[in-house]
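A.B. asks: Please see the structure below; I have some questions.
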Amino acid sequence: MDLITPAFGLIFWQTLIFLVVLLILGKFAWKPILGALQTREDSIDEALRMAEKAKEEMASLKADNQKLLLEAKVERDKMLKAATKIAQEIKDQAKEDALLIGDKMIEDAKSSIESEKNNALKQIKDQVAELSLQITEKLLKKNLADDKSQQELIQSYIKEIKLN
Amino acid sequence: MNKISSQNCCKGLIFRILVILFSFFLVLPSLAASEASESKTEFIIHHVQDAHEWHFATIGHTHISIPLPVILFEKGHGLRFFMSSDFVDEQHNNVDVDGYYFDDHGHIHSRDESLAFYDISITKNVASLFISVILLFWVFLSIAKKYANNPLTAPKGLQSALEPIILFVRDEIARPNIGEKKYQKFMPYLLTVFFFIWFNNLLGLIPGAANLTGNIAVTLTLAMFTFFITIFSGNKDYWKHIFNTPGVPWWLKFPVPLMPLVEFIGLFTKPFSLMVRLFANITAGHIIIMSLIALVFIFESVYIGPVSVLFGLFMTMVELLVAFIQAFVFTLLSAIYFGLAVEEHEHHHEEQKEKLEKSPA
């Protein structure tokens, strides 16, 4: 029966000591331990949340970059196209201008050649006339000096010329 | 038996062990009736009970034991201090000291029948209680310091061994059974009672140690703590549930208050079951291990040695598990009772009942 009869002394000590243990451990052990565990859990949660947020931010940043890149590409394409167009236009213009200038130059050259030719021809004509005059004069001088009949002939020619 | 074994020794060890085991079961019933064997098993009941001295071993006629203080509180006279060794002479006979004497069961009585006194001696269990408390303080105050100094670093050493158990008590016992809102109030008690029971269960397994958690006075006190905390934290819903149980036909409450009576008795059976469960489980474990050892004395045979050692080893392993399980069950049931006391919404009720039924006996 001793086994199942609670002894007063043991109940007394157990109550007293358990109360003391409860108070001391409650205040100096469980409070800091549970507090620290809570703090650690909160900080881990916070860190995880932050990581998630950073990931999201990174993703949005990446998307932004992609958008910017795309925009830049479009802009570049546009600029390239415009530049190509302008270049083409300039080229065309230059070609046209060159053609015009060339034509004009050819025209000028042609006209100057024409005038030069005319001049040259005129000079040649004059020279030929002069030369023929000189030759004629020399011939005439020789013939006319000794022949009276020839003078008459000349006279007749002169008459002819005059008629012309 | 020795003769049989020696004749068949060539057939090998297995046969020999079988013979030992078989003969053990054959001899057992006859032992129960034998008067002589009682003295050989006496030490079992001595071990599981409390004592005024801490007895370790007896070699021949020499008792190796530590005398403990005997403290008596006399009504009207105050405290009286003695040592347990004062009450016995060299021949181990009980002697009177100041009119007090020990009876055959180790209880203190006074020759003066009219004298009323209380025995609040530092018995073996009380001494063991002090040791366990020193251990608890040392372990938990030292790890608490680590937590207080750097709460954000990973646990190290003893801290990392105990942290999972603290978290287990918090997340598997307190939170689901008491509720997210109110569990914190009960955490100090649940943790203290869990580690108190667990540490003392383990200390009790050390050879020569006391059987503290297998003592009915200790389990009674622990159960009373749970009982009073439940009573004092009970809210309006809880008391209404006991004295005017909702969802029960009126004729069960009036004119004969059958349901209120059952519920009221339930208030006391809960802590009573806590008390008996812990006491019986731990004491039974101790008795089984001691009985296995006692086989050696009963058979007085060397062949029983391996059997006792193997079975004793197995039982000790089981007891290591039981030490944890019983601490867990006591804490879990306490948490469930607190949960019932502080519960606010009626629709949670069925859930709690189920948990109560599922929990291990």
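Labels for the structure tokens follow display order: chains A, B, ..., residues from 1 in each chain, ligands from 1.
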Produce a table with one row for each residue of chain A that has an atom at most 8 Å from any atom of chain B, each row naming the nearest atom pair and its distance in Å at one decimal; use only C-alpha atoms; arrange rows by chain and rising residue number; format as CSV.
C.D. replies:
```
residue,atom,partner,partner_atom,distance
A:Asp2,CA,B:Gln49,CA,7.7
A:Leu3,CA,B:Gln49,CA,6.3
A:Ile4,CA,B:Ile216,CA,5.9
A:Thr5,CA,B:Ile216,CA,6.9
A:Pro6,CA,B:Ala217,CA,4.2
A:Ala7,CA,B:Ala217,CA,5.9
A:Phe8,CA,B:Asp119,CA,7.1
A:Gly9,CA,B:Ile120,CA,4.0
A:Leu10,CA,B:Ala217,CA,6.1
A:Ile11,CA,B:Ala217,CA,5.3
A:Phe12,CA,B:Ile120,CA,7.2
A:Trp13,CA,B:Val126,CA,6.8
A:Gln14,CA,B:Val218,CA,6.2
A:Thr15,CA,B:Thr221,CA,6.2
A:Val21,CA,B:Val133,CA,7.1
A:Leu22,CA,B:Thr192,CA,6.1
A:Leu25,CA,B:Phe137,CA,7.2
A:Gly26,CA,B:Pro188,CA,5.1
A:Phe28,CA,B:Leu141,CA,6.6
A:Ala29,CA,B:Ala144,CA,4.9
A:Trp30,CA,B:Pro188,CA,6.0
A:Lys31,CA,B:Pro188,CA,7.8
A:Pro32,CA,B:Ala148,CA,5.6
A:Ile33,CA,B:Ala144,CA,5.4
A:Ala36,CA,B:Pro151,CA,4.7
A:Leu37,CA,B:Pro151,CA,7.0
A:Thr39,CA,B:Pro151,CA,6.8
A:Arg40,CA,B:Leu152,CA,5.1
A:Ser43,CA,B:Leu152,CA,7.7
```
A.B. asks: Residues as selected, C-alpha atoms, written as a CSV table (one decimal), in the first residue's frame, can you do that?
C.D. replies:
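That gives us selection_37.csv:
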```csv
chain,number,residue,atom,x,y,z
A,2,ASP,CA,3.0,2.3,0.6
A,3,LEU,CA,3.4,2.4,-3.2
A,4,ILE,CA,0.1,4.1,-3.8
A,5,THR,CA,-0.1,6.2,-0.7
A,6,PRO,CA,1.3,9.7,-1.4
A,7,ALA,CA,3.7,10.8,1.3
A,8,PHE,CA,3.0,14.3,2.8
A,9,GLY,CA,6.7,15.2,2.9
A,10,LEU,CA,7.3,14.5,-0.8
A,11,ILE,CA,4.2,16.4,-1.8
A,12,PHE,CA,5.4,19.3,0.2
A,13,TRP,CA,8.9,19.4,-1.3
A,14,GLN,CA,7.6,18.6,-4.8
A,15,THR,CA,5.1,21.5,-4.7
A,21,VAL,CA,11.6,25.8,-10.8
A,22,LEU,CA,8.6,27.0,-12.7
A,25,LEU,CA,12.9,28.8,-15.5
A,26,GLY,CA,9.9,30.8,-16.6
A,28,PHE,CA,15.3,33.2,-16.7
A,29,ALA,CA,15.1,30.4,-19.2
A,30,TRP,CA,11.8,30.1,-21.2
A,31,LYS,CA,11.3,33.8,-21.6
A,32,PRO,CA,14.7,34.5,-23.3
A,33,ILE,CA,14.7,31.2,-25.2
A,36,ALA,CA,15.0,34.5,-29.1
A,37,LEU,CA,13.3,31.7,-31.1
A,39,THR,CA,13.1,36.8,-33.0
A,40,ARG,CA,15.0,34.4,-35.1
A,43,SER,CA,14.1,37.6,-38.9
```
A.B. asks: I'd like the neighbourhood of B:Ile178 as a PyMOL selection string, where a residue qualifies if any of its atoms comes within 12 Å (using only C-alpha atoms), though same-chain residues fewer than 5 positions away should be ignored.
C.D. replies: chain B and resi 169-173+183-187+190+230+233+331-344+348+352+355
A.B. asks: Which residues, written as a list in words, have at least one atom at most 10 Å from stretch 89-92 of chain B, with only C-alpha atoms counted and residues fewer than 6 positions away on the same chain left out?
C.D. replies: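 Counting only the stated atoms, we get His61, Thr62 and His63 of chain B.
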A.B. asks: Please measure the separation of atom CA of B:Met83 and atom CA of B:Ser110, giving the value in Å to one decimal.
C.D. replies: 15.9 Å
A.B. asks: For the atom pair atom CA of B:His77 and atom CA of B:His109, what is the interatomic distance in Å to one decimal place?
C.D. replies: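 Spanning atom CA of B:His77 to atom CA of B:His109 is a straight-line distance of 16.3 Å.
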